[in-house]
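Here's upload-v3.cif, which has mmCIF, C-alpha atoms and all ligand atoms; chains and numbers go by the auth columns:
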```
data_entry
loop_
_atom_site.group_PDB
_atom_site.id
_atom_site.type_symbol
_atom_site.label_atom_id
_atom_site.label_comp_id
_atom_site.label_asym_id
_atom_site.label_seq_id
_atom_site.Cartn_x
_atom_site.Cartn_y
_atom_site.Cartn_z
_atom_site.B_iso_or_equiv
_atom_site.auth_seq_id
_atom_site.auth_asym_id
ATOM 1 C CA MET A 1 4.050 -20.590 -10.260 0.00 765 A
ATOM 2 C CA ALA A 2 4.353 -17.219 -8.570 0.00 766 A
ATOM 3 C CA TRP A 3 7.213 -14.928 -9.593 0.00 767 A
ATOM 4 C CA PRO A 4 8.990 -12.588 -7.220 0.00 768 A
ATOM 5 C CA ILE A 5 8.082 -8.981 -7.877 0.00 769 A
ATOM 6 C CA PHE A 6 9.963 -7.460 -4.927 0.00 770 A
ATOM 7 C CA ARG A 7 12.965 -8.848 -3.134 0.00 771 A
ATOM 8 C CA THR A 8 14.753 -7.166 -0.281 0.00 772 A
ATOM 9 C CA GLU A 9 18.094 -8.262 1.076 0.00 773 A
ATOM 10 C CA GLY A 10 19.489 -7.004 4.370 0.00 774 A
ATOM 11 C CA VAL A 11 17.540 -3.766 4.245 0.00 775 A
ATOM 12 C CA THR A 12 18.252 -1.372 7.082 0.00 776 A
ATOM 13 C CA LYS A 13 16.979 2.104 7.709 0.00 777 A
ATOM 14 C CA VAL A 14 18.469 4.464 10.225 0.00 778 A
ATOM 15 C CA TYR A 15 16.838 7.824 10.838 0.00 779 A
ATOM 16 C CA ASP A 16 19.300 10.346 12.148 0.00 780 A
ATOM 17 C CA THR A 17 17.317 12.853 14.143 0.00 781 A
ATOM 18 C CA GLY A 18 20.374 14.789 15.305 0.00 782 A
ATOM 19 C CA GLU A 19 20.377 13.665 18.913 0.00 783 A
ATOM 20 C CA VAL A 20 19.558 9.993 18.436 0.00 784 A
ATOM 21 C CA GLN A 21 19.691 7.434 15.709 0.00 785 A
ATOM 22 C CA VAL A 22 16.494 5.448 15.217 0.00 786 A
ATOM 23 C CA HIS A 23 17.015 1.992 13.747 0.00 787 A
ATOM 24 C CA ALA A 24 13.682 1.613 11.982 0.00 788 A
ATOM 25 C CA LEU A 25 14.708 -1.467 9.964 0.00 789 A
ATOM 26 C CA ALA A 26 17.401 -3.803 11.203 0.00 790 A
ATOM 27 C CA GLY A 27 17.980 -6.157 8.279 0.00 791 A
ATOM 28 C CA VAL A 28 14.863 -7.144 6.341 0.00 792 A
ATOM 29 C CA ASP A 29 14.887 -10.024 3.860 0.00 793 A
ATOM 30 C CA LEU A 30 11.542 -10.379 2.156 0.00 794 A
ATOM 31 C CA THR A 31 10.231 -11.666 -1.155 0.00 795 A
ATOM 32 C CA LEU A 32 6.835 -10.575 -2.400 0.00 796 A
ATOM 33 C CA PHE A 33 5.254 -12.512 -5.238 0.00 797 A
ATOM 34 C CA ALA A 34 3.447 -11.125 -8.258 0.00 798 A
ATOM 35 C CA GLY A 35 -0.282 -11.178 -7.737 0.00 799 A
ATOM 36 C CA GLU A 36 -0.288 -11.826 -4.029 0.00 800 A
ATOM 37 C CA LEU A 37 -2.139 -9.929 -1.337 0.00 801 A
ATOM 38 C CA ALA A 38 0.179 -9.625 1.648 0.00 802 A
ATOM 39 C CA VAL A 39 -0.755 -8.183 5.020 0.00 803 A
ATOM 40 C CA LEU A 40 1.977 -6.613 7.159 0.00 804 A
ATOM 41 C CA LEU A 41 1.251 -6.807 10.874 0.00 805 A
ATOM 42 C CA GLY A 42 3.176 -5.571 13.879 0.00 806 A
ATOM 43 C CA PRO A 43 3.185 -3.138 16.757 0.00 807 A
ATOM 44 C CA SER A 44 3.477 0.587 16.280 0.00 808 A
ATOM 45 C CA GLY A 45 7.030 1.570 15.423 0.00 809 A
ATOM 46 C CA SER A 46 8.064 -1.887 14.225 0.00 810 A
ATOM 47 C CA GLY A 47 9.045 -0.611 10.775 0.00 811 A
ATOM 48 C CA LYS A 48 6.094 -1.506 8.545 0.00 812 A
ATOM 49 C CA SER A 49 5.587 1.942 7.016 0.00 813 A
ATOM 50 C CA THR A 50 9.310 2.425 6.604 0.00 814 A
ATOM 51 C CA LEU A 51 9.534 -0.772 4.557 0.00 815 A
ATOM 52 C CA LEU A 52 6.442 0.103 2.504 0.00 816 A
ATOM 53 C CA ASN A 53 7.877 3.520 1.683 0.00 817 A
ATOM 54 C CA ILE A 54 11.168 1.962 0.608 0.00 818 A
ATOM 55 C CA LEU A 55 9.389 -0.622 -1.582 0.00 819 A
ATOM 56 C CA GLY A 56 7.379 2.165 -3.205 0.00 820 A
ATOM 57 C CA GLY A 57 10.411 4.343 -3.859 0.00 821 A
ATOM 58 C CA LEU A 58 9.228 7.098 -1.516 0.00 822 A
ATOM 59 C CA ASP A 59 12.233 6.579 0.712 0.00 823 A
ATOM 60 C CA ARG A 60 15.646 4.938 0.479 0.00 824 A
ATOM 61 C CA ALA A 61 17.249 2.143 2.481 0.00 825 A
ATOM 62 C CA SER A 62 20.326 3.016 4.534 0.00 826 A
ATOM 63 C CA SER A 63 21.909 -0.272 3.442 0.00 827 A
ATOM 64 C CA GLY A 64 20.913 -3.482 1.714 0.00 828 A
ATOM 65 C CA HIS A 65 19.182 -4.006 -1.606 0.00 829 A
ATOM 66 C CA VAL A 66 15.627 -3.783 -2.924 0.00 830 A
ATOM 67 C CA TRP A 67 14.809 -5.315 -6.276 0.00 831 A
ATOM 68 C CA PHE A 68 11.659 -4.644 -8.235 0.00 832 A
ATOM 69 C CA ARG A 69 11.817 -7.470 -10.780 0.00 833 A
ATOM 70 C CA ASP A 70 15.390 -7.062 -12.110 0.00 834 A
ATOM 71 C CA THR A 71 15.835 -3.453 -11.127 0.00 835 A
ATOM 72 C CA ASP A 72 17.822 -2.661 -8.004 0.00 836 A
ATOM 73 C CA LEU A 73 15.922 0.322 -6.630 0.00 837 A
ATOM 74 C CA THR A 74 18.802 1.154 -4.322 0.00 838 A
ATOM 75 C CA ALA A 75 20.959 1.867 -7.387 0.00 839 A
ATOM 76 C CA LEU A 76 18.510 4.308 -8.980 0.00 840 A
ATOM 77 C CA ARG A 77 18.973 8.040 -8.864 0.00 841 A
ATOM 78 C CA GLU A 78 16.104 10.313 -7.944 0.00 842 A
ATOM 79 C CA ARG A 79 14.741 10.509 -11.481 0.00 843 A
ATOM 80 C CA GLY A 80 14.749 6.753 -11.902 0.00 844 A
ATOM 81 C CA LEU A 81 12.982 6.300 -8.605 0.00 845 A
ATOM 82 C CA THR A 82 10.344 8.861 -9.574 0.00 846 A
ATOM 83 C CA ARG A 83 9.772 7.053 -12.870 0.00 847 A
ATOM 84 C CA PHE A 84 9.497 3.724 -11.046 0.00 848 A
ATOM 85 C CA ARG A 85 6.847 5.155 -8.708 0.00 849 A
ATOM 86 C CA ARG A 86 4.930 6.800 -11.509 0.00 850 A
ATOM 87 C CA ASP A 87 4.897 3.763 -13.790 0.00 851 A
ATOM 88 C CA HIS A 88 4.457 0.881 -11.361 0.00 852 A
ATOM 89 C CA VAL A 89 3.117 1.848 -7.938 0.00 853 A
ATOM 90 C CA GLY A 90 -0.238 2.965 -6.576 0.00 854 A
ATOM 91 C CA PHE A 91 -0.388 4.240 -2.987 0.00 855 A
ATOM 92 C CA VAL A 92 -3.308 4.281 -0.573 0.00 856 A
ATOM 93 C CA PHE A 93 -2.835 6.008 2.786 0.00 857 A
ATOM 94 C CA GLN A 94 -4.876 6.132 5.976 0.00 858 A
ATOM 95 C CA PHE A 95 -6.078 9.684 5.304 0.00 859 A
ATOM 96 C CA TYR A 96 -7.264 9.716 1.751 0.00 860 A
ATOM 97 C CA ASN A 97 -5.337 12.804 0.587 0.00 861 A
ATOM 98 C CA LEU A 98 -8.056 13.876 -1.834 0.00 862 A
ATOM 99 C CA VAL A 99 -8.164 17.436 -3.161 0.00 863 A
ATOM 100 C CA PRO A 100 -11.230 18.934 -1.420 0.00 864 A
ATOM 101 C CA SER A 101 -12.118 21.344 -4.220 0.00 865 A
ATOM 102 C CA LEU A 102 -12.268 18.588 -6.866 0.00 866 A
ATOM 103 C CA SER A 103 -15.016 16.024 -7.473 0.00 867 A
ATOM 104 C CA ALA A 104 -14.336 12.290 -7.226 0.00 868 A
ATOM 105 C CA ARG A 105 -13.938 12.115 -10.995 0.00 869 A
ATOM 106 C CA GLU A 106 -11.548 15.089 -11.057 0.00 870 A
ATOM 107 C CA ASN A 107 -9.477 13.637 -8.229 0.00 871 A
ATOM 108 C CA VAL A 108 -8.958 10.479 -10.275 0.00 872 A
ATOM 109 C CA GLN A 109 -8.354 12.531 -13.420 0.00 873 A
ATOM 110 C CA LEU A 110 -5.332 14.178 -11.760 0.00 874 A
ATOM 111 C CA VAL A 111 -3.600 10.842 -12.174 0.00 875 A
ATOM 112 C CA THR A 112 -5.092 9.666 -15.456 0.00 876 A
ATOM 113 C CA ASP A 113 -4.070 12.915 -17.170 0.00 877 A
ATOM 114 C CA VAL A 114 -0.383 12.097 -16.639 0.00 878 A
ATOM 115 C CA ALA A 115 -0.357 8.262 -16.741 0.00 879 A
ATOM 116 C CA ARG A 116 0.793 6.274 -19.753 0.00 880 A
ATOM 117 C CA GLU A 117 -2.151 3.954 -20.390 0.00 881 A
ATOM 118 C CA PRO A 118 -4.719 4.829 -17.777 0.00 882 A
ATOM 119 C CA MET A 119 -8.264 3.556 -17.522 0.00 883 A
ATOM 120 C CA PRO A 120 -10.949 6.229 -17.774 0.00 884 A
ATOM 121 C CA PRO A 121 -11.735 7.776 -14.350 0.00 885 A
ATOM 122 C CA GLU A 122 -15.309 6.540 -14.725 0.00 886 A
ATOM 123 C CA GLU A 123 -14.109 2.948 -15.058 0.00 887 A
ATOM 124 C CA ALA A 124 -11.820 3.228 -12.021 0.00 888 A
ATOM 125 C CA LEU A 125 -14.627 4.689 -9.923 0.00 889 A
ATOM 126 C CA GLY A 126 -16.990 1.984 -11.187 0.00 890 A
ATOM 127 C CA LEU A 127 -14.564 -0.704 -10.012 0.00 891 A
ATOM 128 C CA VAL A 128 -14.800 0.563 -6.441 0.00 892 A
ATOM 129 C CA GLY A 129 -18.594 0.852 -6.578 0.00 893 A
ATOM 130 C CA LEU A 130 -18.775 4.631 -6.896 0.00 894 A
ATOM 131 C CA SER A 131 -20.388 5.133 -10.290 0.00 895 A
ATOM 132 C CA HIS A 132 -23.176 7.032 -8.548 0.00 896 A
ATOM 133 C CA ARG A 133 -20.812 9.400 -6.695 0.00 897 A
ATOM 134 C CA MET A 134 -18.564 10.623 -9.506 0.00 898 A
ATOM 135 C CA ASP A 135 -19.560 14.256 -9.294 0.00 899 A
ATOM 136 C CA HIS A 136 -19.566 14.448 -5.511 0.00 900 A
ATOM 137 C CA PHE A 137 -16.909 16.362 -3.621 0.00 901 A
ATOM 138 C CA PRO A 138 -14.928 14.726 -0.805 0.00 902 A
ATOM 139 C CA ALA A 139 -16.876 16.602 1.889 0.00 903 A
ATOM 140 C CA GLU A 140 -20.099 15.087 0.513 0.00 904 A
ATOM 141 C CA MET A 141 -18.822 11.519 0.895 0.00 905 A
ATOM 142 C CA SER A 142 -18.353 9.161 3.837 0.00 906 A
ATOM 143 C CA GLY A 143 -14.866 8.167 4.942 0.00 907 A
ATOM 144 C CA GLY A 144 -15.235 4.794 3.238 0.00 908 A
ATOM 145 C CA GLU A 145 -16.342 6.415 -0.005 0.00 909 A
ATOM 146 C CA GLN A 146 -13.442 8.852 0.112 0.00 910 A
ATOM 147 C CA GLN A 147 -11.043 5.980 0.647 0.00 911 A
ATOM 148 C CA ARG A 148 -12.569 4.171 -2.330 0.00 912 A
ATOM 149 C CA VAL A 149 -11.973 7.306 -4.441 0.00 913 A
ATOM 150 C CA ALA A 150 -8.356 7.158 -3.260 0.00 914 A
ATOM 151 C CA ILE A 151 -8.210 3.498 -4.354 0.00 915 A
ATOM 152 C CA ALA A 152 -9.733 4.392 -7.737 0.00 916 A
ATOM 153 C CA ARG A 153 -7.091 7.105 -8.108 0.00 917 A
ATOM 154 C CA ALA A 154 -4.348 4.614 -7.215 0.00 918 A
ATOM 155 C CA ILE A 155 -5.496 1.914 -9.651 0.00 919 A
ATOM 156 C CA ALA A 156 -6.489 4.143 -12.566 0.00 920 A
ATOM 157 C CA LYS A 157 -2.956 4.098 -13.925 0.00 921 A
ATOM 158 C CA ARG A 158 -3.032 0.276 -13.858 0.00 922 A
ATOM 159 C CA PRO A 159 -0.111 -0.161 -11.442 0.00 923 A
ATOM 160 C CA GLU A 160 1.444 -3.582 -10.947 0.00 924 A
ATOM 161 C CA VAL A 161 1.712 -2.867 -7.241 0.00 925 A
ATOM 162 C CA LEU A 162 -0.708 -1.320 -4.772 0.00 926 A
ATOM 163 C CA LEU A 163 0.826 -0.282 -1.433 0.00 927 A
ATOM 164 C CA CYS A 164 -1.698 0.497 1.287 0.00 928 A
ATOM 165 C CA ASP A 165 -0.710 1.969 4.655 0.00 929 A
ATOM 166 C CA GLU A 166 -3.522 1.494 7.188 0.00 930 A
ATOM 167 C CA PRO A 167 -6.256 1.915 4.545 0.00 931 A
ATOM 168 C CA THR A 168 -8.996 1.188 7.076 0.00 932 A
ATOM 169 C CA GLY A 169 -7.335 2.901 10.033 0.00 933 A
ATOM 170 C CA ALA A 170 -9.751 5.809 10.079 0.00 934 A
ATOM 171 C CA LEU A 171 -12.889 3.810 9.302 0.00 935 A
ATOM 172 C CA ASP A 172 -15.530 1.939 11.278 0.00 936 A
ATOM 173 C CA SER A 173 -15.793 -1.776 10.612 0.00 937 A
ATOM 174 C CA LYS A 174 -18.688 -1.576 8.129 0.00 938 A
ATOM 175 C CA THR A 175 -17.040 0.959 5.830 0.00 939 A
ATOM 176 C CA GLY A 176 -13.643 -0.635 6.451 0.00 940 A
ATOM 177 C CA ILE A 177 -14.987 -3.897 5.066 0.00 941 A
ATOM 178 C CA GLN A 178 -16.234 -2.130 1.917 0.00 942 A
ATOM 179 C CA VAL A 179 -12.744 -0.739 1.393 0.00 943 A
ATOM 180 C CA LEU A 180 -11.178 -4.181 1.883 0.00 944 A
ATOM 181 C CA GLU A 181 -13.694 -5.682 -0.560 0.00 945 A
ATOM 182 C CA ALA A 182 -12.576 -3.098 -3.132 0.00 946 A
ATOM 183 C CA LEU A 183 -8.913 -4.013 -2.556 0.00 947 A
ATOM 184 C CA LYS A 184 -9.625 -7.738 -2.801 0.00 948 A
ATOM 185 C CA ASP A 185 -11.655 -7.239 -5.957 0.00 949 A
ATOM 186 C CA ILE A 186 -8.805 -5.323 -7.638 0.00 950 A
ATOM 187 C CA ASN A 187 -6.330 -8.023 -6.578 0.00 951 A
ATOM 188 C CA ASP A 188 -8.590 -10.816 -7.923 0.00 952 A
ATOM 189 C CA ARG A 189 -9.482 -9.027 -11.132 0.00 953 A
ATOM 190 C CA PHE A 190 -6.139 -7.590 -12.232 0.00 954 A
ATOM 191 C CA GLY A 191 -3.629 -9.601 -10.198 0.00 955 A
ATOM 192 C CA THR A 192 -2.280 -6.357 -8.792 0.00 956 A
ATOM 193 C CA THR A 193 0.283 -7.239 -6.129 0.00 957 A
ATOM 194 C CA THR A 194 -1.213 -5.690 -3.007 0.00 958 A
ATOM 195 C CA VAL A 195 0.467 -4.951 0.313 0.00 959 A
ATOM 196 C CA VAL A 196 -1.715 -3.857 3.208 0.00 960 A
ATOM 197 C CA ILE A 197 -0.343 -2.552 6.506 0.00 961 A
ATOM 198 C CA THR A 198 -2.742 -2.846 9.397 0.00 962 A
ATOM 199 C CA HIS A 199 -2.935 -2.802 13.182 0.00 963 A
ATOM 200 C CA ASN A 200 -6.061 -4.892 12.953 0.00 964 A
ATOM 201 C CA ALA A 201 -4.966 -8.522 13.223 0.00 965 A
ATOM 202 C CA ALA A 202 -8.341 -9.814 11.958 0.00 966 A
ATOM 203 C CA ILE A 203 -7.568 -8.419 8.499 0.00 967 A
ATOM 204 C CA ARG A 204 -4.755 -10.979 8.115 0.00 968 A
ATOM 205 C CA LYS A 205 -7.448 -13.554 7.295 0.00 969 A
ATOM 206 C CA MET A 206 -8.020 -12.091 3.822 0.00 970 A
ATOM 207 C CA ALA A 207 -4.327 -12.311 2.875 0.00 971 A
ATOM 208 C CA HIS A 208 -2.464 -14.915 0.882 0.00 972 A
ATOM 209 C CA ARG A 209 0.451 -14.309 3.248 0.00 973 A
ATOM 210 C CA VAL A 210 0.938 -12.520 6.536 0.00 974 A
ATOM 211 C CA VAL A 211 4.257 -10.885 7.396 0.00 975 A
ATOM 212 C CA ARG A 212 4.854 -10.038 11.065 0.00 976 A
ATOM 213 C CA PHE A 213 7.223 -7.301 12.202 0.00 977 A
ATOM 214 C CA GLN A 214 8.869 -6.604 15.522 0.00 978 A
ATOM 215 C CA ASP A 215 11.622 -4.077 16.252 0.00 979 A
ATOM 216 C CA GLY A 216 12.527 -3.512 12.617 0.00 980 A
ATOM 217 C CA ARG A 217 12.723 -7.186 11.741 0.00 981 A
ATOM 218 C CA ILE A 218 10.444 -9.798 10.236 0.00 982 A
ATOM 219 C CA THR A 219 9.640 -12.379 12.875 0.00 983 A
ATOM 220 C CA GLU A 220 7.271 -14.619 10.926 0.00 984 A
ATOM 221 C CA VAL A 221 5.806 -15.141 7.469 0.00 985 A
ATOM 222 C CA GLU A 222 2.660 -17.218 7.429 0.00 986 A
ATOM 223 C CA VAL A 223 0.750 -18.615 4.438 0.00 987 A
ATOM 224 C CA ASN A 224 -3.026 -18.688 4.753 0.00 988 A
ATOM 225 C CA GLU A 225 -4.265 -22.059 3.527 0.00 989 A
ATOM 226 C CA THR A 226 -7.797 -20.713 3.496 0.00 990 A
ATOM 227 C CA ARG A 227 -8.722 -17.077 3.205 0.00 991 A
ATOM 228 C CA LEU A 228 -11.794 -15.215 4.346 0.00 992 A
ATOM 229 C CA ALA A 229 -13.640 -12.647 2.279 0.00 993 A
ATOM 230 C CA PRO A 230 -13.649 -9.240 3.977 0.00 994 A
ATOM 231 C CA HIS A 231 -17.367 -9.511 4.767 0.00 995 A
ATOM 232 C CA GLU A 232 -16.657 -12.753 6.662 0.00 996 A
ATOM 233 C CA ILE A 233 -14.084 -11.083 8.894 0.00 997 A
ATOM 234 C CA VAL A 234 -15.352 -10.050 12.298 0.00 998 A
ATOM 235 C CA TRP A 235 -13.697 -7.224 14.230 0.00 999 A
HETATM 236 N N1 LIG B . 11.121 10.412 9.366 0.00 1 B
HETATM 237 C C1 LIG B . 11.475 9.811 10.503 0.00 1 B
HETATM 238 N N2 LIG B . 12.405 10.350 11.321 0.00 1 B
HETATM 239 C C2 LIG B . 12.779 9.731 12.454 0.00 1 B
HETATM 240 N N3 LIG B . 12.290 8.562 12.883 0.00 1 B
HETATM 241 C C3 LIG B . 11.350 7.977 12.122 0.00 1 B
HETATM 242 C C4 LIG B . 10.900 8.561 10.901 0.00 1 B
HETATM 243 N N4 LIG B . 9.946 7.736 10.370 0.00 1 B
HETATM 244 C C5 LIG B . 9.825 6.687 11.201 0.00 1 B
HETATM 245 N N5 LIG B . 10.663 6.824 12.260 0.00 1 B
HETATM 246 C C6 LIG B . 10.835 5.873 13.365 0.00 1 B
HETATM 247 O O1 LIG B . 11.148 4.609 12.811 0.00 1 B
HETATM 248 C C7 LIG B . 10.526 3.568 13.548 0.00 1 B
HETATM 249 C C8 LIG B . 9.645 2.742 12.631 0.00 1 B
HETATM 250 O O2 LIG B . 8.566 3.542 12.202 0.00 1 B
HETATM 251 P P1 LIG B . 7.424 3.013 11.196 0.00 1 B
HETATM 252 O O3 LIG B . 6.516 4.166 10.938 0.00 1 B
HETATM 253 O O4 LIG B . 8.066 2.368 10.039 0.00 1 B
HETATM 254 O O5 LIG B . 6.698 1.912 12.076 0.00 1 B
HETATM 255 P P2 LIG B . 5.282 1.244 11.843 0.00 1 B
HETATM 256 O O6 LIG B . 5.444 -0.179 12.201 0.00 1 B
HETATM 257 O O7 LIG B . 4.771 1.578 10.501 0.00 1 B
HETATM 258 O O8 LIG B . 4.430 1.982 12.954 0.00 1 B
HETATM 259 P P3 LIG B . 2.882 2.430 12.889 0.00 1 B
HETATM 260 O O9 LIG B . 2.138 1.133 12.883 0.00 1 B
HETATM 261 O O10 LIG B . 2.701 3.211 14.160 0.00 1 B
HETATM 262 O O11 LIG B . 2.711 3.246 11.665 0.00 1 B
HETATM 263 C C9 LIG B . 9.765 4.245 14.681 0.00 1 B
HETATM 264 O O12 LIG B . 10.583 4.239 15.826 0.00 1 B
HETATM 265 C C10 LIG B . 9.581 5.654 14.169 0.00 1 B
HETATM 266 O O13 LIG B . 9.470 6.564 15.231 0.00 1 B
#
```
Go ahead and render the structure in this file as structure tokens.
Ligand SMILES: Nc1ncnc2c1ncn2[C@@H]1O[C@H](COP(=O)(O)OP(=O)(O)OP(=O)(O)O)[C@@H](O)[C@H]1O
Amino acid sequence: MAWPIFRTEGVTKVYDTGEVQVHALAGVDLTLFAGELAVLLGPSGSGKSTLLNILGGLDRASSGHVWFRDTDLTALRERGLTRFRRDHVGFVFQFYNLVPSLSARENVQLVTDVAREPMPPEEALGLVGLSHRMDHFPAEMSGGEQQRVAIARAIAKRPEVLLCDEPTGALDSKTGIQVLEALKDINDRFGTTTVVITHNAAIRKMAHRVVRFQDGRITEVEVNETRLAPHEIVW
């Protein structure tokens, strides 16, 4: 039995740019289940990143509710939201956001030094297949390796949720697949609820569920009866 970990109800987001109002989300009702790997698909501008940022407490809904377990994130003040992010959420972005002057190990250590019960940086880097690159600097690593350091950094604090915005967007298919293998492995091993935004429709095949967006709304949620391993996906 899968338990809801996130639930959104009527979530809207309006960006007021001064001249125009952009309706990025127009009423999103979505339940995400603990332990699942969900892929969010949809055209550019359909609201995927906006929803991910609201789920992760990086941004706030204009109206509606977002529950993480029993906590209504929309009712939290800034400090509560910061604590929620710090304690529960790991983020992976398209451009790895590593500190160039720090080694892979030191980049991960930035997080483990302030987390409550982190895994050692060496263990996190081992989980993404980078035990042999721990003392390398970002400029000495491929894009796929840098993204795997970013994943190690995100998982080192043992988050319940891993939110990934276009994690393979800057990568060729071979290194992209290595990154997806790392995400799948973390999901299998720890049951970390994982949400992956992508433009690449082929990636949906590795998901438990696929959520499609259009114009700030969810148009379809599809359950994959059979899943493919990342190395079986062709793109
Ligand atoms: N900070 C912002 N200020 C104003 N408008 C914004 C802001 N962030 C996003 N938007 C707008 O909100 C809408 C949804 O954007 P969002 O980034 O969520 O879409 P997306 O589906 O993730 O697109 P992409 O796949 O290109 O990343 C777009 O029209 C976008 O231009």
Shell around His896 in chain A at 12 Å using all atoms listed in the file, local window under 4 positions removed, as a compact mmCIF listing (two decimals) with C-alpha atoms, in the coordinates of the input:
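So selection-v2.txt came out as:
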```txt
# COMPACT_ATOMS: atom_id res chain seq x y z
CA ALA A 868 -14.34 12.29 -7.23
CA ARG A 869 -13.94 12.12 -11.00
CA GLU A 886 -15.31 6.54 -14.72
CA GLU A 887 -14.11 2.95 -15.06
CA LEU A 889 -14.63 4.69 -9.92
CA GLY A 890 -16.99 1.98 -11.19
CA LEU A 891 -14.56 -0.70 -10.01
CA VAL A 892 -14.80 0.56 -6.44
CA HIS A 900 -19.57 14.45 -5.51
CA MET A 905 -18.82 11.52 0.90
CA GLU A 909 -16.34 6.42 0.00
CA VAL A 913 -11.97 7.31 -4.44
```
Once the PyMOL selection byres (((chain A and resi 776) around 8) and not hetatm) has been evaluated on this model, what residues remain selected, and can you format them as a PyMOL selection string? chain A and resi 774-775+777-778+787-792+825-828
Those selected residues, please, written with C-alpha atoms and delivered as a CSV table (one decimal), in the frame of the given file.
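Result file out_10.csv:
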```
chain,number,residue,atom,x,y,z
A,774,GLY,CA,19.5,-7.0,4.4
A,775,VAL,CA,17.5,-3.8,4.2
A,777,LYS,CA,17.0,2.1,7.7
A,778,VAL,CA,18.5,4.5,10.2
A,787,HIS,CA,17.0,2.0,13.7
A,788,ALA,CA,13.7,1.6,12.0
A,789,LEU,CA,14.7,-1.5,10.0
A,790,ALA,CA,17.4,-3.8,11.2
A,791,GLY,CA,18.0,-6.2,8.3
A,792,VAL,CA,14.9,-7.1,6.3
A,825,ALA,CA,17.2,2.1,2.5
A,826,SER,CA,20.3,3.0,4.5
A,827,SER,CA,21.9,-0.3,3.4
A,828,GLY,CA,20.9,-3.5,1.7
```
Work out how far CA of Cys928 in chain A is from CA of Phe857 in chain A, in Å to one decimal.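 It comes out at 5.8 Å.
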Work out how far CA of Leu862 in chain A is from CA of Lys938 in chain A, in Å to one decimal.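 CA of Leu862 in chain A lies at a distance of 21.2 Å from CA of Lys938 in chain A.
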Mind running chain A against ligand LIG 1 (chain B) at 9 Å and telling me each contacting residue's nearest atom pair with the distance in Å (one decimal), counting only C-alpha atoms and all ligand atoms, chain and number ascending, as a tab-separated table?
```
residue	atom	partner	partner_atom	distance
A:Lys777	CA	B:LIG1	O1	8.1
A:Val778	CA	B:LIG1	O1	7.8
A:Tyr779	CA	B:LIG1	C2	4.8
A:Asp780	CA	B:LIG1	C2	6.6
A:Thr781	CA	B:LIG1	C2	5.8
A:Gln785	CA	B:LIG1	C2	8.0
A:Val786	CA	B:LIG1	N3	5.7
A:His787	CA	B:LIG1	O1	6.5
A:Ala788	CA	B:LIG1	O1	4.0
A:Leu789	CA	B:LIG1	C8	7.1
A:Leu804	CA	B:LIG1	O6	8.9
A:Leu805	CA	B:LIG1	O6	8.0
A:Gly806	CA	B:LIG1	O6	6.1
A:Pro807	CA	B:LIG1	O9	5.9
A:Ser808	CA	B:LIG1	O10	3.5
A:Gly809	CA	B:LIG1	O5	3.4
A:Ser810	CA	B:LIG1	O6	3.7
A:Gly811	CA	B:LIG1	O4	3.2
A:Lys812	CA	B:LIG1	O7	3.9
A:Ser813	CA	B:LIG1	O7	3.6
A:Thr814	CA	B:LIG1	O4	3.7
A:Leu815	CA	B:LIG1	O4	6.5
A:Leu816	CA	B:LIG1	O4	8.0
A:Asn817	CA	B:LIG1	O4	8.4
A:Asp929	CA	B:LIG1	O11	7.9
A:Glu930	CA	B:LIG1	O11	7.9
A:Ile961	CA	B:LIG1	O7	7.7
A:Thr962	CA	B:LIG1	O9	7.2
A:His963	CA	B:LIG1	O9	6.4
A:Phe977	CA	B:LIG1	O6	7.3
A:Gln978	CA	B:LIG1	O6	8.0
A:Asp979	CA	B:LIG1	C8	8.0
A:Gly980	CA	B:LIG1	C8	6.9
```
At a cut-off of 7 Å, using all atoms listed in the file, what residues contact Leu796 in chain A? Leave out same-chain residues fewer than 2 positions from it and give the result as a PyMOL selection string. chain A and resi 768-771+794+798
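Minimum atom-to-atom distance to Ala993 in chain A, evaluated using only C-alpha atoms, belongs to A:Gln942 out of A:Ser867, A:Gln942, A:Thr957, A:Thr795.
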Nearby residues, (-5.9, 4.4, -17.4) file frame, 7 Å, all atoms listed in the file, as JSON, numbers by chain: {"A": [876, 879, 881, 882, 883, 884, 920, 921, 922]}
Excluding Asn964 in chain A and its own-chain neighbours fewer than 6 positions away, which residues fall within 12 Å of it when counting all atoms listed in the file? Please give them as a CSV table (one decimal) with C-alpha atoms, keeping the file's coordinate frame.
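The file below, around-v1.csv, is the result:
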```
chain,number,residue,atom,x,y,z
A,803,VAL,CA,-0.8,-8.2,5.0
A,804,LEU,CA,2.0,-6.6,7.2
A,805,LEU,CA,1.3,-6.8,10.9
A,806,GLY,CA,3.2,-5.6,13.9
A,807,PRO,CA,3.2,-3.1,16.8
A,808,SER,CA,3.5,0.6,16.3
A,930,GLU,CA,-3.5,1.5,7.2
A,931,PRO,CA,-6.3,1.9,4.5
A,932,THR,CA,-9.0,1.2,7.1
A,933,GLY,CA,-7.3,2.9,10.0
A,934,ALA,CA,-9.8,5.8,10.1
A,935,LEU,CA,-12.9,3.8,9.3
A,936,ASP,CA,-15.5,1.9,11.3
A,937,SER,CA,-15.8,-1.8,10.6
A,940,GLY,CA,-13.6,-0.6,6.5
A,941,ILE,CA,-15.0,-3.9,5.1
A,970,MET,CA,-8.0,-12.1,3.8
A,997,ILE,CA,-14.1,-11.1,8.9
A,998,VAL,CA,-15.4,-10.0,12.3
A,999,TRP,CA,-13.7,-7.2,14.2
```
Nearest candidate to Leu845 in chain A (options A:Phe954, A:Leu822, A:Gln858, A:Leu866; using only C-alpha atoms):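 Smallest separation from Leu845 in chain A among the options: A:Leu822.
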Evaluate the PyMOL selection byres (((chain A and resi 952) around 12) and not hetatm) against this structure - the residues, as number ranges by chain, please. A: 799-801, 891, 945-951, 953-958, 970-972, 993
Could you please determine the separation between CA of Glu996 in chain A and CA of Phe797 in chain A in Å, to one decimal place? 24.9 Å
